[in-house]
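The structure file entry_17.cif is reproduced below (mmCIF, C-alpha atoms).
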data_coords
loop_
_atom_site.label_atom_id
_atom_site.label_comp_id
_atom_site.auth_asym_id
_atom_site.auth_seq_id
_atom_site.Cartn_x
_atom_site.Cartn_y
_atom_site.Cartn_z
CA MET A 1 0.00 0.00 0.00
CA ALA A 2 1.33 3.44 -0.96
CA LEU A 3 1.98 5.78 1.97
CA SER A 4 1.40 8.94 -0.04
CA SER A 5 -0.24 10.13 -3.24
CA ARG A 6 3.07 11.20 -4.76
CA ALA A 7 4.51 9.39 -7.75
CA ILE A 8 6.00 6.04 -6.76
CA ARG A 9 9.79 5.91 -7.05
CA ASN A 10 11.54 2.81 -8.33
CA VAL A 11 13.98 1.97 -5.53
CA GLY A 12 14.77 -1.52 -6.77
CA LYS A 13 12.82 -3.44 -4.17
CA LEU A 14 13.29 -7.11 -4.97
CA THR A 15 10.22 -9.31 -4.69
CA SER A 16 9.53 -12.98 -5.35
CA ARG A 17 7.08 -12.00 -8.06
CA ASN A 18 8.34 -11.61 -11.65
CA SER A 19 12.00 -12.17 -10.66
CA MET A 20 14.57 -14.37 -12.39
CA LEU A 21 18.16 -15.39 -11.60
CA PHE A 22 20.86 -15.09 -14.27
CA ILE A 23 24.06 -17.13 -13.75
CA CYS A 24 26.61 -15.98 -16.29
CA ASP A 25 29.36 -18.26 -17.62
CA MET A 26 30.67 -19.78 -14.38
CA GLN A 27 32.81 -22.28 -16.28
CA GLU A 28 35.75 -24.44 -15.29
CA LYS A 29 38.26 -22.83 -17.66
CA PHE A 30 37.90 -19.50 -15.83
CA ARG A 31 38.64 -20.89 -12.36
CA LYS A 32 42.33 -19.97 -12.22
CA SER A 33 42.11 -16.58 -13.92
CA ILE A 34 39.16 -14.87 -12.21
CA GLN A 35 39.68 -12.93 -8.98
CA TYR A 36 37.97 -14.67 -6.03
CA PHE A 37 36.44 -17.30 -8.31
CA GLU A 38 35.81 -19.80 -5.49
CA GLY A 39 33.88 -17.26 -3.44
CA VAL A 40 31.86 -16.11 -6.44
CA ALA A 41 30.95 -19.74 -7.17
CA GLN A 42 29.89 -20.36 -3.57
CA ASN A 43 27.73 -17.25 -3.46
CA SER A 44 26.20 -18.02 -6.86
CA ALA A 45 25.30 -21.49 -5.57
CA ARG A 46 23.55 -19.91 -2.59
CA LEU A 47 21.53 -17.68 -4.90
CA LEU A 48 20.56 -20.69 -7.01
CA SER A 49 19.39 -22.58 -3.92
CA ALA A 50 17.31 -19.60 -2.81
CA PHE A 51 15.62 -19.21 -6.17
CA LYS A 52 14.78 -22.91 -6.33
CA ILE A 53 13.33 -22.82 -2.80
CA MET A 54 11.12 -19.96 -3.97
CA ASP A 55 10.28 -21.83 -7.18
CA LEU A 56 11.53 -18.92 -9.30
CA PRO A 57 13.00 -19.25 -12.81
CA VAL A 58 16.75 -19.50 -13.36
CA ILE A 59 18.84 -18.97 -16.51
CA CYS A 60 22.42 -20.23 -16.70
CA THR A 61 24.61 -19.59 -19.72
CA GLU A 62 27.91 -21.06 -20.86
CA HIS A 63 30.15 -19.13 -23.22
CA TYR A 64 31.47 -21.34 -26.04
CA SER A 65 31.31 -24.45 -23.86
CA LYS A 66 33.10 -26.53 -26.50
CA GLY A 67 36.29 -24.64 -25.75
CA LEU A 68 35.73 -23.23 -22.26
CA GLY A 69 34.07 -26.16 -20.53
CA HIS A 70 30.92 -26.37 -18.50
CA THR A 71 29.54 -24.78 -15.35
CA VAL A 72 31.58 -25.67 -12.26
CA PRO A 73 30.24 -28.46 -10.01
CA GLU A 74 29.81 -26.12 -7.03
CA ILE A 75 26.85 -24.69 -8.92
CA ASP A 76 24.98 -27.97 -9.15
CA LEU A 77 22.82 -27.48 -12.22
CA LYS A 78 21.83 -31.15 -12.48
CA LYS A 79 20.53 -31.18 -8.91
CA HIS A 80 18.19 -28.33 -9.81
CA ASN A 81 17.29 -29.66 -13.29
CA ILE A 82 18.75 -26.65 -15.09
CA GLU A 83 19.95 -26.99 -18.67
CA PRO A 84 22.58 -24.34 -19.47
CA VAL A 85 22.21 -22.19 -22.57
CA ASP A 86 25.26 -22.15 -24.83
CA LYS A 87 26.24 -18.83 -26.42
CA VAL A 88 29.01 -17.16 -28.35
CA GLN A 89 27.88 -13.52 -28.03
CA PHE A 90 28.83 -11.74 -24.82
CA SER A 91 25.31 -10.81 -23.72
CA MET A 92 23.22 -13.55 -22.16
CA CYS A 93 20.19 -12.23 -24.03
CA VAL A 94 20.17 -14.81 -26.82
CA PRO A 95 16.77 -15.66 -28.39
CA THR A 96 15.95 -18.57 -26.05
CA VAL A 97 16.69 -16.41 -23.01
CA VAL A 98 14.61 -13.54 -24.35
CA GLU A 99 11.70 -15.94 -24.88
CA SER A 100 12.02 -17.17 -21.29
CA ILE A 101 11.98 -13.58 -20.00
CA LYS A 102 8.76 -12.94 -21.93
CA LYS A 103 7.20 -16.23 -20.84
CA HIS A 104 7.74 -15.50 -17.16
CA GLN A 105 6.88 -11.79 -17.51
CA VAL A 106 10.15 -10.91 -15.81
CA GLU A 107 10.51 -7.46 -14.27
CA ASN A 108 13.59 -8.09 -12.10
CA VAL A 109 16.78 -9.97 -12.96
CA VAL A 110 19.25 -10.93 -10.23
CA MET A 111 22.67 -11.13 -11.88
CA CYS A 112 25.72 -13.15 -10.86
CA GLY A 113 28.71 -14.62 -12.70
CA ILE A 114 31.63 -13.54 -14.85
CA GLU A 115 33.22 -11.59 -16.30
CA CYS A 116 31.81 -8.51 -14.66
CA HIS A 117 33.09 -6.03 -17.25
CA VAL A 118 32.22 -8.12 -20.31
CA CYS A 119 29.34 -10.61 -20.37
CA VAL A 120 27.73 -9.45 -17.12
CA GLN A 121 27.96 -5.81 -18.16
CA GLN A 122 26.66 -6.30 -21.68
CA THR A 123 23.75 -8.37 -20.39
CA THR A 124 22.94 -5.78 -17.74
CA LEU A 125 23.00 -2.88 -20.17
CA GLN A 126 20.74 -4.71 -22.60
CA LEU A 127 18.24 -5.61 -19.88
CA LEU A 128 18.19 -2.06 -18.55
CA GLN A 129 17.67 -0.72 -22.06
CA ASP A 130 14.66 -3.03 -22.37
CA GLY A 131 13.13 -1.76 -19.13
CA ILE A 132 14.03 -4.64 -16.81
CA ASN A 133 15.40 -3.95 -13.34
CA VAL A 134 18.82 -5.51 -12.75
CA HIS A 135 20.07 -6.40 -9.27
CA LEU A 136 23.83 -6.90 -9.45
CA VAL A 137 25.05 -9.20 -6.70
CA THR A 138 28.39 -7.55 -6.04
CA ASP A 139 29.89 -10.43 -4.07
CA ALA A 140 28.86 -12.91 -6.77
CA VAL A 141 30.40 -11.23 -9.84
CA SER A 142 34.05 -10.81 -10.73
CA SER A 143 36.68 -10.29 -13.43
CA ARG A 144 40.33 -11.15 -14.00
CA SER A 145 41.32 -7.78 -12.55
CA MET A 146 39.80 -5.88 -9.64
CA THR A 147 40.05 -2.67 -11.65
CA ASP A 148 37.78 -4.03 -14.39
CA ARG A 149 35.35 -5.37 -11.79
CA LEU A 150 35.07 -2.12 -9.84
CA VAL A 151 34.87 0.17 -12.85
CA SER A 152 32.19 -2.05 -14.37
CA LEU A 153 30.11 -2.08 -11.17
CA GLN A 154 30.30 1.72 -11.09
CA ARG A 155 29.27 2.03 -14.72
CA MET A 156 26.34 -0.36 -14.38
CA ARG A 157 25.14 1.46 -11.24
CA ASP A 158 25.37 4.76 -13.10
CA CYS A 159 23.22 3.25 -15.84
CA GLY A 160 20.50 2.25 -13.38
CA ALA A 161 21.41 -1.17 -12.01
CA PHE A 162 20.92 -1.81 -8.30
CA LEU A 163 23.95 -3.06 -6.36
CA THR A 164 23.22 -5.69 -3.74
CA SER A 165 24.74 -8.68 -1.95
CA THR A 166 24.06 -12.41 -1.77
CA GLU A 167 22.56 -12.34 1.72
CA SER A 168 20.44 -9.30 0.90
CA VAL A 169 18.92 -11.12 -2.07
CA VAL A 170 18.31 -14.37 -0.17
CA LEU A 171 16.48 -12.64 2.67
CA GLY A 172 14.87 -10.09 0.37
CA LEU A 173 13.01 -12.85 -1.44
CA ALA A 174 11.23 -13.77 1.80
CA THR A 175 10.35 -10.17 2.85
CA GLY A 176 9.88 -11.32 6.45
CA ALA A 177 10.13 -14.11 9.01
CA ASP A 178 6.44 -14.90 8.48
CA HIS A 179 7.06 -16.14 4.93
CA PRO A 180 6.51 -19.92 4.63
CA ASN A 181 9.96 -20.33 3.04
CA PHE A 182 11.84 -18.16 5.52
CA LYS A 183 13.43 -21.00 7.50
CA PRO A 184 14.90 -22.86 4.49
CA LEU A 185 16.16 -19.53 3.14
CA GLN A 186 17.65 -18.70 6.51
CA LYS A 187 19.61 -21.95 6.48
CA ILE A 188 21.39 -20.81 3.31
CA ILE A 189 22.96 -17.87 5.11
CA VAL A 190 23.61 -19.36 8.57
CA GLU A 191 27.30 -19.08 7.72
CA PRO A 192 28.44 -15.70 6.33
CA CYS A 193 28.67 -15.51 2.56
CA ALA A 194 32.09 -15.93 0.97
CA ASP A 195 34.39 -12.92 0.96
CA THR A 196 35.17 -11.82 -2.58
CA GLY A 197 37.54 -8.96 -1.84
CA LEU A 198 35.21 -5.97 -1.95
CA LEU A 199 35.55 -4.68 1.60
CA PRO A 200 38.74 -2.59 1.05
CA HIS A 201 37.05 -0.90 -1.91
CA LEU A 202 33.65 -0.06 -0.41
CA THR A 203 32.71 3.58 0.06
CA LEU A 204 29.54 5.39 1.08
CA ASN A 205 29.76 7.87 -1.81
#
Would you write out, as structure tokens, the structure that this file holds?
Amino acid sequence: MALSSRAIRNVGKLTSRNSMLFICDMQEKFRKSIQYFEGVAQNSARLLSAFKIMDLPVICTEHYSKGLGHTVPEIDLKKHNIEPVDKVQFSMCVPTVVESIKKHQVENVVMCGIECHVCVQQTTLQLLQDGINVHLVTDAVSSRSMTDRLVSLQRMRDCGAFLTSTESVVLGLATGADHPNFKPLQKIIVEPCADTGLLPHLTLN
């Protein structure tokens, strides 16, 4: 219920309605080259578990899987019956993904994966251009260099994306302790989410 008659401002409030998770190119070949890859994988797996608990749609892409391998086992796609979408363009918005967005009437995309300044960024910009809210999970995206990661996060925020964290998304899907799925969601974040090196770079500006 609105608290005033003034125009409603879009503050990026994540809800379990019309939301979808995007997992971008978390493939084995990138493991050794991406900053904080292990932590990003762990946090992405937590997001996947949360979305499946809430019975929300999930898209996972693999970039040129023939050469770069498949999604890492930490993100257990088979357990959740998710078939990855292969692509060669940087953006995740290939025709099959676009059709899924339309089918589910998606208004909010929660974004995690790699690389932050390439595939994640191009996907985010395309979604924003098409009027879809993007929630960038800052501790679940990364690049080969911290400079590329940080500059990309800044650019995407400037373009209208909402920066968030893994735990904020997991609990945000429930909205409160009275939600029937609160306890299983709470179990996901009993232990703190993996550190992915952002703390020294955080500012309140």
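Between Ile82 (chain A) and the candidates A:Pro184, A:Gly172, A:Pro57, A:Gly113, the tightest atom-to-atom separation, counting all atoms listed in the file, involves A:Pro57.
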Of A:Asp86, A:Leu77, A:Leu47, A:Arg31, the one sitting nearest Ile189 (chain A) when using all atoms listed in the file is A:Leu47
Just say which residues the PyMOL selection byres ((chain A and resi 176-182) around 12) picks in this file, as a short mmCIF file (atom, residue, chain, number, x, y, z; two decimals) with C-alpha atoms, keeping the file's coordinate frame.
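Just written: expr-v3.cif:
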data_model
loop_
_atom_site.label_atom_id
_atom_site.label_comp_id
_atom_site.auth_asym_id
_atom_site.auth_seq_id
_atom_site.Cartn_x
_atom_site.Cartn_y
_atom_site.Cartn_z
CA THR A 15 10.22 -9.31 -4.69
CA SER A 16 9.53 -12.98 -5.35
CA SER A 49 19.39 -22.58 -3.92
CA ALA A 50 17.31 -19.60 -2.81
CA PHE A 51 15.62 -19.21 -6.17
CA LYS A 52 14.78 -22.91 -6.33
CA ILE A 53 13.33 -22.82 -2.80
CA MET A 54 11.12 -19.96 -3.97
CA ASP A 55 10.28 -21.83 -7.18
CA VAL A 170 18.31 -14.37 -0.17
CA LEU A 171 16.48 -12.64 2.67
CA GLY A 172 14.87 -10.09 0.37
CA LEU A 173 13.01 -12.85 -1.44
CA ALA A 174 11.23 -13.77 1.80
CA THR A 175 10.35 -10.17 2.85
CA LYS A 183 13.43 -21.00 7.50
CA PRO A 184 14.90 -22.86 4.49
CA LEU A 185 16.16 -19.53 3.14
CA GLN A 186 17.65 -18.70 6.51
CA LYS A 187 19.61 -21.95 6.48
CA ILE A 188 21.39 -20.81 3.31
CA ILE A 189 22.96 -17.87 5.11
#
Specify as an MDAnalysis selection string each residue included when the PyMOL selection byres ((chain A and resi 22) around 12) is applied to this file. chainID A and resid 19:21 23:26 44:45 47:48 51 56:62 82 84:85 91:93 97:98 100:101 106 108:114 119:120 123:124 127 134:137 140:141
Would you put the residues from that selection into a file with C-alpha atoms, as a PDB file, keeping the file's coordinate frame?
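File selection.pdb, as written:
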ATOM      1  CA  SER A  19      12.000 -12.170 -10.660  1.00  0.00           C
ATOM      2  CA  MET A  20      14.570 -14.370 -12.390  1.00  0.00           C
ATOM      3  CA  LEU A  21      18.160 -15.390 -11.600  1.00  0.00           C
ATOM      4  CA  ILE A  23      24.060 -17.130 -13.750  1.00  0.00           C
ATOM      5  CA  CYS A  24      26.610 -15.980 -16.290  1.00  0.00           C
ATOM      6  CA  ASP A  25      29.360 -18.260 -17.620  1.00  0.00           C
ATOM      7  CA  MET A  26      30.670 -19.780 -14.380  1.00  0.00           C
ATOM      8  CA  SER A  44      26.200 -18.020  -6.860  1.00  0.00           C
ATOM      9  CA  ALA A  45      25.300 -21.490  -5.570  1.00  0.00           C
ATOM     10  CA  LEU A  47      21.530 -17.680  -4.900  1.00  0.00           C
ATOM     11  CA  LEU A  48      20.560 -20.690  -7.010  1.00  0.00           C
ATOM     12  CA  PHE A  51      15.620 -19.210  -6.170  1.00  0.00           C
ATOM     13  CA  LEU A  56      11.530 -18.920  -9.300  1.00  0.00           C
ATOM     14  CA  PRO A  57      13.000 -19.250 -12.810  1.00  0.00           C
ATOM     15  CA  VAL A  58      16.750 -19.500 -13.360  1.00  0.00           C
ATOM     16  CA  ILE A  59      18.840 -18.970 -16.510  1.00  0.00           C
ATOM     17  CA  CYS A  60      22.420 -20.230 -16.700  1.00  0.00           C
ATOM     18  CA  THR A  61      24.610 -19.590 -19.720  1.00  0.00           C
ATOM     19  CA  GLU A  62      27.910 -21.060 -20.860  1.00  0.00           C
ATOM     20  CA  ILE A  82      18.750 -26.650 -15.090  1.00  0.00           C
ATOM     21  CA  PRO A  84      22.580 -24.340 -19.470  1.00  0.00           C
ATOM     22  CA  VAL A  85      22.210 -22.190 -22.570  1.00  0.00           C
ATOM     23  CA  SER A  91      25.310 -10.810 -23.720  1.00  0.00           C
ATOM     24  CA  MET A  92      23.220 -13.550 -22.160  1.00  0.00           C
ATOM     25  CA  CYS A  93      20.190 -12.230 -24.030  1.00  0.00           C
ATOM     26  CA  VAL A  97      16.690 -16.410 -23.010  1.00  0.00           C
ATOM     27  CA  VAL A  98      14.610 -13.540 -24.350  1.00  0.00           C
ATOM     28  CA  SER A 100      12.020 -17.170 -21.290  1.00  0.00           C
ATOM     29  CA  ILE A 101      11.980 -13.580 -20.000  1.00  0.00           C
ATOM     30  CA  VAL A 106      10.150 -10.910 -15.810  1.00  0.00           C
ATOM     31  CA  ASN A 108      13.590  -8.090 -12.100  1.00  0.00           C
ATOM     32  CA  VAL A 109      16.780  -9.970 -12.960  1.00  0.00           C
ATOM     33  CA  VAL A 110      19.250 -10.930 -10.230  1.00  0.00           C
ATOM     34  CA  MET A 111      22.670 -11.130 -11.880  1.00  0.00           C
ATOM     35  CA  CYS A 112      25.720 -13.150 -10.860  1.00  0.00           C
ATOM     36  CA  GLY A 113      28.710 -14.620 -12.700  1.00  0.00           C
ATOM     37  CA  ILE A 114      31.630 -13.540 -14.850  1.00  0.00           C
ATOM     38  CA  CYS A 119      29.340 -10.610 -20.370  1.00  0.00           C
ATOM     39  CA  VAL A 120      27.730  -9.450 -17.120  1.00  0.00           C
ATOM     40  CA  THR A 123      23.750  -8.370 -20.390  1.00  0.00           C
ATOM     41  CA  THR A 124      22.940  -5.780 -17.740  1.00  0.00           C
ATOM     42  CA  LEU A 127      18.240  -5.610 -19.880  1.00  0.00           C
ATOM     43  CA  VAL A 134      18.820  -5.510 -12.750  1.00  0.00           C
ATOM     44  CA  HIS A 135      20.070  -6.400  -9.270  1.00  0.00           C
ATOM     45  CA  LEU A 136      23.830  -6.900  -9.450  1.00  0.00           C
ATOM     46  CA  VAL A 137      25.050  -9.200  -6.700  1.00  0.00           C
ATOM     47  CA  ALA A 140      28.860 -12.910  -6.770  1.00  0.00           C
ATOM     48  CA  VAL A 141      30.400 -11.230  -9.840  1.00  0.00           C
TER      49      VAL A 141
END
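Checking A:Pro73, A:Gly39, A:Pro200, A:Gly12 one by one against Ala161 (chain A), counting all atoms listed in the file, you find the shortest gap at A:Gly12.
Nearest to Glu74 (chain A) of all the residues A:Leu202, A:Leu128, A:Val40, A:Cys116 is A:Val40, based on only C-alpha atoms.
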What separates CA of Gln105 (chain A) and CA of Ile75 (chain A) is a distance of 25.3 Å
Using the chain letters and residue numbers of this document, give as a PDB file with C-alpha atoms, in the frame of the given file the residues selected by the PyMOL selection byres ((chain A and resi 144-149) around 8).
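Final output, expr-v4.pdb:
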ATOM      1  CA  SER A  33      42.110 -16.580 -13.920  1.00  0.00           C
ATOM      2  CA  ILE A  34      39.160 -14.870 -12.210  1.00  0.00           C
ATOM      3  CA  GLN A  35      39.680 -12.930  -8.980  1.00  0.00           C
ATOM      4  CA  GLU A 115      33.220 -11.590 -16.300  1.00  0.00           C
ATOM      5  CA  CYS A 116      31.810  -8.510 -14.660  1.00  0.00           C
ATOM      6  CA  HIS A 117      33.090  -6.030 -17.250  1.00  0.00           C
ATOM      7  CA  VAL A 141      30.400 -11.230  -9.840  1.00  0.00           C
ATOM      8  CA  SER A 142      34.050 -10.810 -10.730  1.00  0.00           C
ATOM      9  CA  SER A 143      36.680 -10.290 -13.430  1.00  0.00           C
ATOM     10  CA  LEU A 150      35.070  -2.120  -9.840  1.00  0.00           C
ATOM     11  CA  VAL A 151      34.870   0.170 -12.850  1.00  0.00           C
ATOM     12  CA  SER A 152      32.190  -2.050 -14.370  1.00  0.00           C
ATOM     13  CA  LEU A 153      30.110  -2.080 -11.170  1.00  0.00           C
TER      14      LEU A 153
END
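Minimum atom-to-atom distances from A:Cys159, A:Gln27, A:His63, A:Lys79 to Asn133 (chain A) were compared using only C-alpha atoms, and the lowest value belongs to A:Cys159.
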Which centre and which edge lengths, in Å to one decimal, describe the axis-aligned box that holds all listed atoms of region 137-140 of chain A after 3 Å is added on each side, as JSON?
{"center_x": 27.5, "center_y": -10.2, "center_z": -5.4, "size_x": 10.8, "size_y": 11.4, "size_z": 8.7}
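With distances restricted to all atoms listed in the file, A:Val118 is the closest residue to Gln89 (chain A) from A:Ala41, A:Ile8, A:Leu163, A:Val118.
What separates CA of Asp139 (chain A) from CA of Cys193 (chain A) is a distance of 8.4 Å.
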Separating CA of Thr196 (chain A) from CA of Phe37 (chain A), to the nearest tenth of an Å, is a gap of 8.0 Å
Starting from the incomplete input, reconstruct all heavy atoms of region 128-139 of chain A and report them as a PDB file, keeping the file's coordinate frame.
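File produced: result.pdb:
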ATOM      1  N   LEU A 128      18.602  -3.392 -18.975  1.00  0.00           N
ATOM      2  CA  LEU A 128      18.190  -2.060 -18.550  1.00  0.00           C
ATOM      3  C   LEU A 128      17.576  -1.281 -19.711  1.00  0.00           C
ATOM      4  O   LEU A 128      16.560  -0.590 -19.549  1.00  0.00           O
ATOM      5  CB  LEU A 128      19.387  -1.287 -17.987  1.00  0.00           C
ATOM      6  CG  LEU A 128      19.950  -1.772 -16.647  1.00  0.00           C
ATOM      7  CD1 LEU A 128      21.250  -1.041 -16.328  1.00  0.00           C
ATOM      8  CD2 LEU A 128      18.931  -1.566 -15.525  1.00  0.00           C
ATOM      9  N   GLN A 129      18.177  -1.408 -20.871  1.00  0.00           N
ATOM     10  CA  GLN A 129      17.670  -0.720 -22.060  1.00  0.00           C
ATOM     11  C   GLN A 129      16.265  -1.191 -22.400  1.00  0.00           C
ATOM     12  O   GLN A 129      15.445  -0.426 -22.919  1.00  0.00           O
ATOM     13  CB  GLN A 129      18.622  -0.982 -23.229  1.00  0.00           C
ATOM     14  CG  GLN A 129      18.409  -0.079 -24.428  1.00  0.00           C
ATOM     15  CD  GLN A 129      19.503  -0.253 -25.456  1.00  0.00           C
ATOM     16  OE1 GLN A 129      19.971  -1.359 -25.727  1.00  0.00           O
ATOM     17  NE2 GLN A 129      19.935   0.841 -26.046  1.00  0.00           N
ATOM     18  N   ASP A 130      15.972  -2.450 -22.077  1.00  0.00           N
ATOM     19  CA  ASP A 130      14.660  -3.030 -22.370  1.00  0.00           C
ATOM     20  C   ASP A 130      13.669  -2.862 -21.223  1.00  0.00           C
ATOM     21  O   ASP A 130      12.587  -3.443 -21.240  1.00  0.00           O
ATOM     22  CB  ASP A 130      14.809  -4.517 -22.710  1.00  0.00           C
ATOM     23  CG  ASP A 130      15.499  -4.732 -24.051  1.00  0.00           C
ATOM     24  OD1 ASP A 130      15.491  -3.799 -24.882  1.00  0.00           O
ATOM     25  OD2 ASP A 130      16.050  -5.827 -24.272  1.00  0.00           O
ATOM     26  N   GLY A 131      14.055  -2.090 -20.198  1.00  0.00           N
ATOM     27  CA  GLY A 131      13.130  -1.760 -19.130  1.00  0.00           C
ATOM     28  C   GLY A 131      13.047  -2.757 -17.989  1.00  0.00           C
ATOM     29  O   GLY A 131      12.101  -2.717 -17.193  1.00  0.00           O
ATOM     30  N   ILE A 132      14.019  -3.645 -17.884  1.00  0.00           N
ATOM     31  CA  ILE A 132      14.030  -4.640 -16.810  1.00  0.00           C
ATOM     32  C   ILE A 132      14.985  -4.202 -15.713  1.00  0.00           C
ATOM     33  O   ILE A 132      16.115  -3.787 -15.991  1.00  0.00           O
ATOM     34  CB  ILE A 132      14.431  -6.025 -17.357  1.00  0.00           C
ATOM     35  CG1 ILE A 132      13.357  -6.529 -18.326  1.00  0.00           C
ATOM     36  CG2 ILE A 132      14.635  -7.032 -16.221  1.00  0.00           C
ATOM     37  CD1 ILE A 132      13.704  -7.806 -19.032  1.00  0.00           C
ATOM     38  N   ASN A 133      14.539  -4.272 -14.465  1.00  0.00           N
ATOM     39  CA  ASN A 133      15.400  -3.950 -13.340  1.00  0.00           C
ATOM     40  C   ASN A 133      16.493  -5.011 -13.191  1.00  0.00           C
ATOM     41  O   ASN A 133      16.206  -6.210 -13.271  1.00  0.00           O
ATOM     42  CB  ASN A 133      14.609  -3.897 -12.024  1.00  0.00           C
ATOM     43  CG  ASN A 133      13.601  -2.768 -12.000  1.00  0.00           C
ATOM     44  OD1 ASN A 133      13.885  -1.664 -12.461  1.00  0.00           O
ATOM     45  ND2 ASN A 133      12.428  -3.038 -11.455  1.00  0.00           N
ATOM     46  N   VAL A 134      17.720  -4.577 -12.955  1.00  0.00           N
ATOM     47  CA  VAL A 134      18.820  -5.510 -12.750  1.00  0.00           C
ATOM     48  C   VAL A 134      19.403  -5.305 -11.356  1.00  0.00           C
ATOM     49  O   VAL A 134      19.755  -4.182 -10.976  1.00  0.00           O
ATOM     50  CB  VAL A 134      19.929  -5.334 -13.804  1.00  0.00           C
ATOM     51  CG1 VAL A 134      21.072  -6.313 -13.549  1.00  0.00           C
ATOM     52  CG2 VAL A 134      19.369  -5.541 -15.207  1.00  0.00           C
ATOM     53  N   HIS A 135      19.496  -6.407 -10.612  1.00  0.00           N
ATOM     54  CA  HIS A 135      20.070  -6.400  -9.270  1.00  0.00           C
ATOM     55  C   HIS A 135      21.410  -7.121  -9.353  1.00  0.00           C
ATOM     56  O   HIS A 135      21.457  -8.347  -9.479  1.00  0.00           O
ATOM     57  CB  HIS A 135      19.123  -7.100  -8.284  1.00  0.00           C
ATOM     58  CG  HIS A 135      17.759  -6.493  -8.248  1.00  0.00           C
ATOM     59  ND1 HIS A 135      17.353  -5.631  -7.256  1.00  0.00           N
ATOM     60  CD2 HIS A 135      16.698  -6.609  -9.115  1.00  0.00           C
ATOM     61  CE1 HIS A 135      16.106  -5.248  -7.489  1.00  0.00           C
ATOM     62  NE2 HIS A 135      15.688  -5.828  -8.615  1.00  0.00           N
ATOM     63  N   LEU A 136      22.487  -6.353  -9.316  1.00  0.00           N
ATOM     64  CA  LEU A 136      23.830  -6.900  -9.450  1.00  0.00           C
ATOM     65  C   LEU A 136      24.332  -7.368  -8.085  1.00  0.00           C
ATOM     66  O   LEU A 136      24.494  -6.564  -7.175  1.00  0.00           O
ATOM     67  CB  LEU A 136      24.787  -5.831  -9.988  1.00  0.00           C
ATOM     68  CG  LEU A 136      24.772  -5.580 -11.491  1.00  0.00           C
ATOM     69  CD1 LEU A 136      25.527  -4.290 -11.791  1.00  0.00           C
ATOM     70  CD2 LEU A 136      25.403  -6.744 -12.231  1.00  0.00           C
ATOM     71  N   VAL A 137      24.584  -8.652  -7.971  1.00  0.00           N
ATOM     72  CA  VAL A 137      25.050  -9.200  -6.700  1.00  0.00           C
ATOM     73  C   VAL A 137      26.563  -9.020  -6.639  1.00  0.00           C
ATOM     74  O   VAL A 137      27.326  -9.788  -7.206  1.00  0.00           O
ATOM     75  CB  VAL A 137      24.646 -10.676  -6.555  1.00  0.00           C
ATOM     76  CG1 VAL A 137      24.943 -11.156  -5.127  1.00  0.00           C
ATOM     77  CG2 VAL A 137      23.166 -10.865  -6.869  1.00  0.00           C
ATOM     78  N   THR A 138      26.997  -7.986  -5.965  1.00  0.00           N
ATOM     79  CA  THR A 138      28.390  -7.550  -6.040  1.00  0.00           C
ATOM     80  C   THR A 138      29.386  -8.576  -5.529  1.00  0.00           C
ATOM     81  O   THR A 138      30.521  -8.619  -5.995  1.00  0.00           O
ATOM     82  CB  THR A 138      28.580  -6.230  -5.256  1.00  0.00           C
ATOM     83  OG1 THR A 138      28.129  -6.420  -3.904  1.00  0.00           O
ATOM     84  CG2 THR A 138      27.777  -5.107  -5.902  1.00  0.00           C
ATOM     85  N   ASP A 139      28.978  -9.407  -4.561  1.00  0.00           N
ATOM     86  CA  ASP A 139      29.890 -10.430  -4.070  1.00  0.00           C
ATOM     87  C   ASP A 139      29.729 -11.761  -4.815  1.00  0.00           C
ATOM     88  O   ASP A 139      30.262 -12.791  -4.406  1.00  0.00           O
ATOM     89  CB  ASP A 139      29.735 -10.651  -2.559  1.00  0.00           C
ATOM     90  CG  ASP A 139      28.325 -11.034  -2.140  1.00  0.00           C
ATOM     91  OD1 ASP A 139      27.408 -10.976  -2.981  1.00  0.00           O
ATOM     92  OD2 ASP A 139      28.134 -11.383  -0.956  1.00  0.00           O
TER      93      ASP A 139
END
